[in-house]
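protein22.txt follows; it contains compact mmCIF, N, CA and C atoms.
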# COMPACT_ATOMS: atom_id res chain seq x y z
N MET A 1 16.47 -11.30 5.52
CA MET A 1 16.00 -9.95 5.76
C MET A 1 14.84 -9.96 6.76
N PHE A 2 13.84 -10.81 6.53
CA PHE A 2 12.67 -10.84 7.41
C PHE A 2 12.99 -11.43 8.77
N ALA A 3 13.91 -12.39 8.82
CA ALA A 3 14.28 -12.99 10.11
C ALA A 3 14.87 -11.93 11.03
N ASP A 4 15.75 -11.09 10.50
CA ASP A 4 16.35 -10.02 11.30
C ASP A 4 15.28 -9.01 11.73
N PHE A 5 14.39 -8.67 10.80
CA PHE A 5 13.31 -7.72 11.11
C PHE A 5 12.43 -8.27 12.23
N LEU A 6 12.02 -9.53 12.13
CA LEU A 6 11.18 -10.14 13.17
C LEU A 6 11.91 -10.24 14.49
N LYS A 7 13.21 -10.52 14.44
CA LYS A 7 13.99 -10.59 15.68
C LYS A 7 14.00 -9.23 16.36
N ARG A 8 14.21 -8.17 15.59
CA ARG A 8 14.20 -6.82 16.16
C ARG A 8 12.80 -6.46 16.67
N LEU A 9 11.78 -6.84 15.93
CA LEU A 9 10.40 -6.49 16.28
C LEU A 9 9.95 -7.20 17.55
N THR A 10 10.39 -8.42 17.75
CA THR A 10 9.93 -9.19 18.90
C THR A 10 10.95 -9.24 20.04
N ALA A 11 11.95 -8.37 19.98
CA ALA A 11 12.93 -8.28 21.08
C ALA A 11 12.21 -7.86 22.36
N PRO A 12 12.75 -8.20 23.52
CA PRO A 12 12.10 -7.84 24.79
C PRO A 12 11.80 -6.35 24.91
N ALA A 13 12.67 -5.50 24.42
CA ALA A 13 12.45 -4.05 24.46
C ALA A 13 12.75 -3.49 23.07
N PRO A 14 11.80 -3.64 22.13
CA PRO A 14 12.10 -3.22 20.76
C PRO A 14 12.27 -1.71 20.66
N GLU A 15 13.19 -1.33 19.79
CA GLU A 15 13.37 0.08 19.48
C GLU A 15 12.20 0.52 18.59
N PRO A 16 11.82 1.80 18.66
CA PRO A 16 10.79 2.27 17.73
C PRO A 16 11.22 1.99 16.30
N LEU A 17 10.28 1.58 15.50
CA LEU A 17 10.59 1.26 14.10
C LEU A 17 10.77 2.53 13.30
N GLY A 18 11.64 2.45 12.31
CA GLY A 18 11.76 3.53 11.34
C GLY A 18 10.53 3.53 10.46
N ALA A 19 10.37 4.58 9.69
CA ALA A 19 9.16 4.74 8.87
C ALA A 19 8.92 3.55 7.93
N GLU A 20 9.96 3.10 7.25
CA GLU A 20 9.79 2.00 6.29
C GLU A 20 9.44 0.69 7.00
N ASP A 21 10.11 0.42 8.11
CA ASP A 21 9.81 -0.81 8.85
C ASP A 21 8.41 -0.76 9.45
N ALA A 22 7.97 0.40 9.92
CA ALA A 22 6.62 0.53 10.46
C ALA A 22 5.59 0.28 9.36
N ARG A 23 5.86 0.81 8.19
CA ARG A 23 4.95 0.56 7.04
C ARG A 23 4.83 -0.94 6.77
N LEU A 24 5.97 -1.61 6.76
CA LEU A 24 5.99 -3.04 6.48
C LEU A 24 5.24 -3.82 7.56
N ALA A 25 5.47 -3.48 8.81
CA ALA A 25 4.80 -4.19 9.91
C ALA A 25 3.29 -3.97 9.87
N LEU A 26 2.87 -2.75 9.64
CA LEU A 26 1.43 -2.48 9.58
C LEU A 26 0.80 -3.10 8.35
N ALA A 27 1.51 -3.11 7.23
CA ALA A 27 1.00 -3.78 6.03
C ALA A 27 0.85 -5.28 6.28
N ALA A 28 1.80 -5.87 6.99
CA ALA A 28 1.72 -7.30 7.32
C ALA A 28 0.51 -7.58 8.21
N LEU A 29 0.20 -6.66 9.10
CA LEU A 29 -0.99 -6.82 9.94
C LEU A 29 -2.26 -6.75 9.08
N LEU A 30 -2.28 -5.87 8.09
CA LEU A 30 -3.42 -5.81 7.17
C LEU A 30 -3.58 -7.15 6.44
N VAL A 31 -2.46 -7.71 6.00
CA VAL A 31 -2.50 -9.00 5.31
C VAL A 31 -2.99 -10.09 6.25
N ARG A 32 -2.52 -10.09 7.49
CA ARG A 32 -2.95 -11.11 8.45
C ARG A 32 -4.46 -11.07 8.64
N VAL A 33 -5.01 -9.88 8.78
CA VAL A 33 -6.46 -9.75 8.96
C VAL A 33 -7.19 -10.23 7.71
N ALA A 34 -6.67 -9.89 6.54
CA ALA A 34 -7.32 -10.31 5.30
C ALA A 34 -7.31 -11.83 5.15
N ARG A 35 -6.30 -12.48 5.64
CA ARG A 35 -6.18 -13.94 5.52
C ARG A 35 -6.95 -14.70 6.60
N THR A 36 -7.49 -14.01 7.58
CA THR A 36 -8.11 -14.65 8.74
C THR A 36 -9.21 -15.63 8.38
N ASP A 37 -10.05 -15.28 7.42
CA ASP A 37 -11.19 -16.13 7.10
C ASP A 37 -10.84 -17.26 6.13
N GLY A 38 -9.55 -17.41 5.81
CA GLY A 38 -9.13 -18.48 4.91
C GLY A 38 -9.25 -18.13 3.45
N HIS A 39 -9.74 -16.93 3.16
CA HIS A 39 -9.88 -16.45 1.78
C HIS A 39 -9.13 -15.13 1.67
N TYR A 40 -8.17 -15.10 0.76
CA TYR A 40 -7.39 -13.88 0.54
C TYR A 40 -7.72 -13.44 -0.88
N ASP A 41 -8.82 -12.73 -0.99
CA ASP A 41 -9.42 -12.39 -2.28
C ASP A 41 -8.74 -11.20 -2.95
N PRO A 42 -8.88 -11.11 -4.26
CA PRO A 42 -8.35 -9.94 -4.98
C PRO A 42 -8.91 -8.62 -4.43
N GLU A 43 -10.17 -8.63 -3.99
CA GLU A 43 -10.74 -7.40 -3.43
C GLU A 43 -9.98 -6.97 -2.18
N GLU A 44 -9.57 -7.94 -1.38
CA GLU A 44 -8.81 -7.63 -0.16
C GLU A 44 -7.41 -7.13 -0.51
N ARG A 45 -6.76 -7.76 -1.47
CA ARG A 45 -5.44 -7.29 -1.89
C ARG A 45 -5.53 -5.88 -2.47
N ASN A 46 -6.55 -5.65 -3.29
CA ASN A 46 -6.74 -4.30 -3.86
C ASN A 46 -7.01 -3.28 -2.78
N ARG A 47 -7.80 -3.65 -1.77
CA ARG A 47 -8.09 -2.73 -0.67
C ARG A 47 -6.81 -2.40 0.08
N ILE A 48 -5.99 -3.41 0.35
CA ILE A 48 -4.72 -3.17 1.03
C ILE A 48 -3.85 -2.22 0.21
N ASP A 49 -3.76 -2.47 -1.09
CA ASP A 49 -2.97 -1.58 -1.95
C ASP A 49 -3.49 -0.15 -1.89
N ARG A 50 -4.81 0.03 -1.94
CA ARG A 50 -5.38 1.40 -1.88
C ARG A 50 -5.09 2.05 -0.54
N ILE A 51 -5.16 1.28 0.53
CA ILE A 51 -4.85 1.82 1.86
C ILE A 51 -3.39 2.29 1.88
N LEU A 52 -2.50 1.50 1.35
CA LEU A 52 -1.08 1.85 1.35
C LEU A 52 -0.80 3.07 0.48
N VAL A 53 -1.48 3.17 -0.65
CA VAL A 53 -1.34 4.35 -1.51
C VAL A 53 -1.80 5.60 -0.77
N THR A 54 -2.98 5.52 -0.17
CA THR A 54 -3.55 6.67 0.52
C THR A 54 -2.78 7.02 1.78
N ARG A 55 -2.50 6.02 2.59
CA ARG A 55 -1.87 6.25 3.89
C ARG A 55 -0.43 6.75 3.78
N TYR A 56 0.30 6.21 2.82
CA TYR A 56 1.72 6.52 2.73
C TYR A 56 2.11 7.31 1.48
N GLY A 57 1.14 7.67 0.64
CA GLY A 57 1.44 8.45 -0.56
C GLY A 57 2.28 7.68 -1.57
N LEU A 58 2.09 6.37 -1.62
CA LEU A 58 2.86 5.54 -2.53
C LEU A 58 2.22 5.51 -3.92
N THR A 59 3.02 5.17 -4.91
CA THR A 59 2.47 4.87 -6.22
C THR A 59 1.83 3.49 -6.15
N ALA A 60 1.01 3.17 -7.12
CA ALA A 60 0.37 1.84 -7.14
C ALA A 60 1.41 0.72 -7.19
N PRO A 61 2.44 0.81 -8.04
CA PRO A 61 3.45 -0.27 -8.03
C PRO A 61 4.20 -0.37 -6.70
N ALA A 62 4.49 0.76 -6.07
CA ALA A 62 5.20 0.72 -4.78
C ALA A 62 4.31 0.10 -3.70
N ALA A 63 3.02 0.40 -3.73
CA ALA A 63 2.09 -0.20 -2.76
C ALA A 63 1.99 -1.70 -2.98
N GLU A 64 1.94 -2.12 -4.22
CA GLU A 64 1.88 -3.56 -4.52
C GLU A 64 3.15 -4.26 -4.05
N ASP A 65 4.30 -3.62 -4.25
CA ASP A 65 5.57 -4.19 -3.78
C ASP A 65 5.58 -4.30 -2.25
N LEU A 66 5.11 -3.26 -1.56
CA LEU A 66 5.06 -3.28 -0.11
C LEU A 66 4.12 -4.39 0.37
N ARG A 67 2.96 -4.53 -0.28
CA ARG A 67 2.03 -5.60 0.10
C ARG A 67 2.65 -6.97 -0.12
N THR A 68 3.35 -7.15 -1.21
CA THR A 68 3.99 -8.44 -1.50
C THR A 68 5.03 -8.78 -0.44
N ARG A 69 5.83 -7.80 -0.05
CA ARG A 69 6.80 -8.03 1.03
C ARG A 69 6.08 -8.30 2.34
N ALA A 70 4.97 -7.61 2.58
CA ALA A 70 4.20 -7.81 3.80
C ALA A 70 3.59 -9.21 3.84
N GLU A 71 3.19 -9.74 2.69
CA GLU A 71 2.65 -11.10 2.64
C GLU A 71 3.70 -12.10 3.10
N THR A 72 4.94 -11.91 2.67
CA THR A 72 6.03 -12.79 3.09
C THR A 72 6.29 -12.64 4.58
N LEU A 73 6.36 -11.40 5.05
CA LEU A 73 6.59 -11.16 6.47
C LEU A 73 5.47 -11.77 7.31
N GLU A 74 4.23 -11.57 6.90
CA GLU A 74 3.09 -12.10 7.66
C GLU A 74 3.17 -13.61 7.78
N ALA A 75 3.57 -14.28 6.70
CA ALA A 75 3.67 -15.74 6.72
C ALA A 75 4.75 -16.22 7.68
N GLU A 76 5.77 -15.40 7.91
CA GLU A 76 6.87 -15.79 8.79
C GLU A 76 6.72 -15.25 10.21
N ALA A 77 5.79 -14.34 10.41
CA ALA A 77 5.64 -13.67 11.70
C ALA A 77 5.10 -14.63 12.75
N PRO A 78 5.41 -14.36 14.01
CA PRO A 78 4.90 -15.20 15.09
C PRO A 78 3.39 -15.04 15.22
N ASP A 79 2.84 -15.68 16.22
CA ASP A 79 1.40 -15.61 16.45
C ASP A 79 0.94 -14.15 16.51
N THR A 80 -0.33 -13.95 16.27
CA THR A 80 -0.90 -12.60 16.20
C THR A 80 -0.68 -11.81 17.48
N VAL A 81 -0.79 -12.47 18.62
CA VAL A 81 -0.64 -11.76 19.89
C VAL A 81 0.75 -11.15 20.00
N ARG A 82 1.79 -11.95 19.81
CA ARG A 82 3.16 -11.42 19.93
C ARG A 82 3.45 -10.40 18.84
N PHE A 83 3.01 -10.67 17.63
CA PHE A 83 3.27 -9.77 16.50
C PHE A 83 2.60 -8.42 16.74
N THR A 84 1.35 -8.42 17.16
CA THR A 84 0.62 -7.18 17.38
C THR A 84 1.17 -6.42 18.58
N ARG A 85 1.50 -7.13 19.64
CA ARG A 85 2.10 -6.46 20.80
C ARG A 85 3.42 -5.81 20.43
N ALA A 86 4.19 -6.48 19.58
CA ALA A 86 5.46 -5.91 19.14
C ALA A 86 5.22 -4.63 18.35
N ILE A 87 4.20 -4.62 17.52
CA ILE A 87 3.86 -3.40 16.78
C ILE A 87 3.46 -2.30 17.76
N LYS A 88 2.65 -2.65 18.75
CA LYS A 88 2.22 -1.65 19.74
C LYS A 88 3.41 -1.01 20.42
N ASP A 89 4.40 -1.82 20.77
CA ASP A 89 5.56 -1.32 21.49
C ASP A 89 6.50 -0.49 20.63
N SER A 90 6.35 -0.57 19.31
CA SER A 90 7.32 0.10 18.46
C SER A 90 6.71 1.09 17.46
N VAL A 91 5.39 1.25 17.48
CA VAL A 91 4.72 2.17 16.55
C VAL A 91 3.91 3.18 17.36
N ALA A 92 3.97 4.43 16.96
CA ALA A 92 3.27 5.50 17.67
C ALA A 92 1.76 5.24 17.72
N TYR A 93 1.12 5.71 18.80
CA TYR A 93 -0.31 5.49 19.01
C TYR A 93 -1.14 5.99 17.82
N GLU A 94 -0.82 7.17 17.32
CA GLU A 94 -1.61 7.73 16.22
C GLU A 94 -1.64 6.79 15.02
N ASP A 95 -0.49 6.18 14.73
CA ASP A 95 -0.43 5.25 13.61
C ASP A 95 -1.24 3.99 13.90
N ARG A 96 -1.19 3.52 15.15
CA ARG A 96 -1.96 2.33 15.51
C ARG A 96 -3.45 2.60 15.46
N ALA A 97 -3.87 3.77 15.92
CA ALA A 97 -5.29 4.11 15.90
C ALA A 97 -5.81 4.21 14.47
N ALA A 98 -5.03 4.82 13.61
CA ALA A 98 -5.45 4.96 12.21
C ALA A 98 -5.50 3.62 11.50
N VAL A 99 -4.62 2.70 11.89
CA VAL A 99 -4.59 1.42 11.20
C VAL A 99 -5.80 0.56 11.56
N VAL A 100 -6.42 0.76 12.71
CA VAL A 100 -7.61 -0.02 13.06
C VAL A 100 -8.72 0.24 12.04
N GLU A 101 -8.90 1.48 11.64
CA GLU A 101 -9.90 1.78 10.61
C GLU A 101 -9.52 1.08 9.30
N ALA A 102 -8.25 1.09 8.96
CA ALA A 102 -7.81 0.40 7.75
C ALA A 102 -8.05 -1.10 7.86
N LEU A 103 -7.84 -1.66 9.05
CA LEU A 103 -8.10 -3.09 9.25
C LEU A 103 -9.57 -3.40 9.02
N TRP A 104 -10.45 -2.57 9.56
CA TRP A 104 -11.88 -2.77 9.33
C TRP A 104 -12.20 -2.66 7.84
N SER A 105 -11.54 -1.75 7.15
CA SER A 105 -11.77 -1.59 5.72
C SER A 105 -11.40 -2.86 4.97
N VAL A 106 -10.33 -3.52 5.37
CA VAL A 106 -9.92 -4.78 4.74
C VAL A 106 -10.95 -5.86 5.04
N VAL A 107 -11.40 -5.95 6.29
CA VAL A 107 -12.41 -6.95 6.66
C VAL A 107 -13.66 -6.78 5.81
N LEU A 108 -14.04 -5.55 5.57
CA LEU A 108 -15.28 -5.27 4.84
C LEU A 108 -15.10 -5.33 3.32
N ALA A 109 -13.87 -5.46 2.83
CA ALA A 109 -13.60 -5.40 1.39
C ALA A 109 -14.33 -6.46 0.59
N ASP A 110 -14.49 -7.66 1.14
CA ASP A 110 -15.15 -8.73 0.39
C ASP A 110 -16.66 -8.76 0.62
N GLY A 111 -17.16 -7.79 1.41
CA GLY A 111 -18.60 -7.70 1.64
C GLY A 111 -19.13 -8.66 2.69
N VAL A 112 -18.25 -9.42 3.32
CA VAL A 112 -18.67 -10.41 4.30
C VAL A 112 -17.86 -10.22 5.59
N ARG A 113 -18.58 -10.09 6.70
CA ARG A 113 -17.93 -10.03 8.02
C ARG A 113 -18.25 -11.32 8.73
N ASP A 114 -17.25 -12.14 8.98
CA ASP A 114 -17.56 -13.38 9.69
C ASP A 114 -17.06 -13.30 11.13
N ASP A 115 -17.44 -14.28 11.92
CA ASP A 115 -17.12 -14.27 13.35
C ASP A 115 -15.61 -14.28 13.61
N GLU A 116 -14.85 -15.01 12.78
CA GLU A 116 -13.40 -15.05 12.96
C GLU A 116 -12.79 -13.67 12.78
N GLU A 117 -13.24 -12.96 11.75
CA GLU A 117 -12.72 -11.61 11.50
C GLU A 117 -13.10 -10.66 12.63
N ASN A 118 -14.34 -10.72 13.07
CA ASN A 118 -14.78 -9.87 14.18
C ASN A 118 -13.95 -10.14 15.43
N ALA A 119 -13.73 -11.40 15.74
CA ALA A 119 -12.96 -11.76 16.93
C ALA A 119 -11.51 -11.29 16.81
N LEU A 120 -10.92 -11.46 15.63
CA LEU A 120 -9.55 -11.04 15.44
C LEU A 120 -9.43 -9.52 15.56
N LEU A 121 -10.37 -8.79 14.99
CA LEU A 121 -10.31 -7.33 15.08
C LEU A 121 -10.45 -6.85 16.51
N ARG A 122 -11.32 -7.48 17.28
CA ARG A 122 -11.44 -7.11 18.70
C ARG A 122 -10.12 -7.37 19.42
N LEU A 123 -9.51 -8.52 19.17
CA LEU A 123 -8.24 -8.86 19.79
C LEU A 123 -7.14 -7.88 19.36
N VAL A 124 -7.01 -7.67 18.06
CA VAL A 124 -5.95 -6.81 17.54
C VAL A 124 -6.09 -5.39 18.06
N ALA A 125 -7.31 -4.84 18.02
CA ALA A 125 -7.51 -3.47 18.52
C ALA A 125 -7.10 -3.38 19.98
N ASN A 126 -7.49 -4.37 20.76
CA ASN A 126 -7.13 -4.38 22.17
C ASN A 126 -5.62 -4.46 22.35
N LEU A 127 -4.98 -5.35 21.62
CA LEU A 127 -3.53 -5.52 21.72
C LEU A 127 -2.77 -4.28 21.25
N LEU A 128 -3.38 -3.54 20.33
CA LEU A 128 -2.77 -2.29 19.87
C LEU A 128 -3.04 -1.14 20.83
N GLY A 129 -3.84 -1.40 21.87
CA GLY A 129 -4.14 -0.36 22.85
C GLY A 129 -5.28 0.54 22.45
N ILE A 130 -6.12 0.07 21.52
CA ILE A 130 -7.27 0.84 21.03
C ILE A 130 -8.52 0.31 21.74
N SER A 131 -9.32 1.21 22.30
CA SER A 131 -10.51 0.79 23.05
C SER A 131 -11.56 0.19 22.12
N ASP A 132 -12.46 -0.60 22.71
CA ASP A 132 -13.57 -1.17 21.93
C ASP A 132 -14.41 -0.06 21.30
N MET A 133 -14.63 1.02 22.04
CA MET A 133 -15.43 2.12 21.51
C MET A 133 -14.74 2.76 20.30
N ASP A 134 -13.45 3.02 20.41
CA ASP A 134 -12.73 3.62 19.28
C ASP A 134 -12.67 2.66 18.09
N SER A 135 -12.54 1.37 18.37
CA SER A 135 -12.55 0.40 17.29
C SER A 135 -13.91 0.36 16.60
N ASN A 136 -14.98 0.43 17.40
CA ASN A 136 -16.32 0.44 16.84
C ASN A 136 -16.54 1.68 15.97
N LEU A 137 -16.06 2.83 16.43
CA LEU A 137 -16.16 4.06 15.64
C LEU A 137 -15.36 3.93 14.34
N ALA A 138 -14.20 3.31 14.42
CA ALA A 138 -13.39 3.08 13.24
C ALA A 138 -14.12 2.18 12.25
N ARG A 139 -14.78 1.14 12.77
CA ARG A 139 -15.57 0.24 11.90
C ARG A 139 -16.68 1.02 11.21
N GLN A 140 -17.36 1.86 11.96
CA GLN A 140 -18.46 2.65 11.39
C GLN A 140 -17.94 3.58 10.29
N ARG A 141 -16.77 4.19 10.50
CA ARG A 141 -16.19 5.05 9.46
C ARG A 141 -15.83 4.23 8.23
N ALA A 142 -15.28 3.02 8.44
CA ALA A 142 -14.92 2.16 7.32
C ALA A 142 -16.16 1.73 6.54
N GLU A 143 -17.24 1.42 7.27
CA GLU A 143 -18.50 1.04 6.60
C GLU A 143 -19.05 2.22 5.80
N ALA A 144 -19.00 3.40 6.37
CA ALA A 144 -19.52 4.60 5.69
C ALA A 144 -18.71 4.91 4.44
N ALA A 145 -17.41 4.66 4.49
CA ALA A 145 -16.54 4.93 3.35
C ALA A 145 -16.73 3.93 2.21
N ARG A 146 -17.28 2.78 2.52
CA ARG A 146 -17.51 1.76 1.50
C ARG A 146 -18.53 2.26 0.57
Do you think you could lay out the structure here as structure tokens?
Amino acid sequence: MFADFLKRLTAPAPEPLGAEDARLALAALLVRVARTDGHYDPEERNRIDRILVTRYGLTAPAAEDLRTRAETLEAEAPDTVRFTRAIKDSVAYEDRAAVVEALWSVVLADGVRDDEENALLRLVANLLGISDMDSNLARQRAEAAR
């Protein structure tokens, strides 16, 4: 299942993703960011679940199921650059912009921002086509919401 999904996502000219596939791809990106510092804490998993509940109107069990599938997809996904560029090419700008704030929320979930996470967020925001200024504003909103 994931091999076919990744093949479609990383095709030279990917088709726009359907709603469910876009959810899965963006959830996998949340997982990738959470795993960046080598610690994938319960606080980060809980934050991802809350983001999925809020963003997609899912029940808690459905959000947990989506996160679990996203964890598998993230582990099989190509490098962050290709994976993120594929998302950019197949997900609407509004969804990509909103997910940057969610990514910052995941980074901040464990109360520690390290250099690896900061660097990855700068890279991911850029690859998603989000400006540094908009990413910084998203970080500030995520900090204020904490």
Report, as lines of an AutoDock Vina configuration file, the centre and edge lengths in Å (one decimal) of the axis-aligned box enclosing every listed atom of stretch 21-25 of chain A, padded by 3 Å on each side.
center_x = 6.7
center_y = -1.7
center_z = 8.5
size_x = 12.8
size_y = 11.0
size_z = 10.0
Problem set entry | chain A: residues DSSP assigns to alpha helix (DSSP H), reported as number ranges by chain | A: 2-9, 19-35, 42-56, 60-76, 80-90, 93-108, 115-127, 132-145
Exercise. Do you have the atom CA of A:Asp49-atom CA of A:Ala109 distance handy?
Worked result: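 Going from atom CA of A:Asp49 over to atom CA of A:Ala109, I get 11.8 Å.
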Problem set entry | Two-atom distance - atom CA of A:Glu43, atom N of A:Ala25 (Å) | 20.7 Å
Which residues of stretch 27-124 of chain A have any atom within 6.5 Å of an atom in stretch 133-140 of chain A when counting all atoms listed in the file, and what is the closest pair of atoms for each, with the distance in Å to one decimal? Order the rows by chain and rising number and write it as a tab-separated table.
residue	atom	partner	partner_atom	distance
A:Val100	C	A:Ala138	CA	5.6
A:Glu101	CA	A:Ala138	C	4.5
A:Trp104	CA	A:Arg139	CA	5.4
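Near A:Asp41, within 12 Å and counting only C-alpha atoms, sit A:Val31, A:Val33, A:Ala34, A:Arg35, A:Thr36, A:Asp37, A:Gly38, A:His39, A:Glu43, A:Glu44, A:Arg45, A:Asn46, A:Arg47, A:Ile48, A:Val106, A:Val107, A:Leu108, A:Ala109, A:Asp110, A:Gly111, A:Val112, not including residues fewer than 2 positions from it in the same chain.
Picture a line from atom N of A:Leu66 to atom N of A:Arg50; it runs 10.5 Å.
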Using all atoms listed in the file, collect all residues at a distance of at most 6.5 Å from (-20.0, -2.5, 5.6) as written in the file, then present them as a short mmCIF file (atom, residue, chain, number, x, y, z; two decimals) with N, CA and C atoms, in the coordinates of the input.
data_model
loop_
_atom_site.label_atom_id
_atom_site.label_comp_id
_atom_site.auth_asym_id
_atom_site.auth_seq_id
_atom_site.Cartn_x
_atom_site.Cartn_y
_atom_site.Cartn_z
N LEU A 108 -14.04 -5.55 5.57
CA LEU A 108 -15.28 -5.27 4.84
C LEU A 108 -15.10 -5.33 3.32
N ALA A 142 -15.28 3.02 8.44
CA ALA A 142 -14.92 2.16 7.32
C ALA A 142 -16.16 1.73 6.54
N GLU A 143 -17.24 1.42 7.27
CA GLU A 143 -18.50 1.04 6.60
C GLU A 143 -19.05 2.22 5.80
N ALA A 144 -19.00 3.40 6.37
CA ALA A 144 -19.52 4.60 5.69
C ALA A 144 -18.71 4.91 4.44
N ARG A 146 -17.28 2.78 2.52
CA ARG A 146 -17.51 1.76 1.50
C ARG A 146 -18.53 2.26 0.57
#
For this session: Name the closest residue to A:Asp89 among the candidates A:Arg55, A:Leu121, A:Glu15, A:Asn126; distances are taken between atoms, counting all atoms listed in the file.
Result: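 The shortest atom-to-atom distance to A:Asp89 comes from A:Glu15.
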Seminar exercise, completed: Of A:Leu29, A:Thr54, A:Glu64, A:Glu116, the one nearest to A:Asp79 when counting only C-alpha atoms is A:Leu29
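If all atoms listed in the file are the atoms counted, then among A:Leu52, A:Ala75, A:Ala22, A:Lys7 the closest residue to A:Ser90 is A:Ala22.
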Using only C-alpha atoms, determine which residues lie at most 8 Å from A:Ala97, disregarding the query and same-chain residues fewer than 4 positions distant; provide the list as a PDB file with N, CA and C atoms, in the frame of the given file.
ATOM      1  N   TYR A  93       1.120   5.710  18.800  1.00  0.00           N
ATOM      2  CA  TYR A  93      -0.310   5.490  19.010  1.00  0.00           C
ATOM      3  C   TYR A  93      -1.140   5.990  17.820  1.00  0.00           C
ATOM      4  N   GLU A 101      -8.900   1.480  11.640  1.00  0.00           N
ATOM      5  CA  GLU A 101      -9.900   1.780  10.610  1.00  0.00           C
ATOM      6  C   GLU A 101      -9.520   1.080   9.300  1.00  0.00           C
ATOM      7  N   LEU A 128      -3.380  -3.540  20.330  1.00  0.00           N
ATOM      8  CA  LEU A 128      -2.770  -2.290  19.870  1.00  0.00           C
ATOM      9  C   LEU A 128      -3.040  -1.140  20.830  1.00  0.00           C
ATOM     10  N   ILE A 130      -6.120   0.070  21.520  1.00  0.00           N
ATOM     11  CA  ILE A 130      -7.270   0.840  21.030  1.00  0.00           C
ATOM     12  C   ILE A 130      -8.520   0.310  21.740  1.00  0.00           C
TER      13      ILE A 130
END
For this session: May I ask which of the residues A:Asp95, A:Thr80, A:Ala28, A:Arg85 is the closest one to A:Thr68, counting only C-alpha atoms?
Result: A:Ala28
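Each of A:Arg32, A:Ser131, A:Ala19, A:Glu117 was compared to A:Thr72 using only C-alpha atoms, and A:Arg32 turns out to be the nearest.
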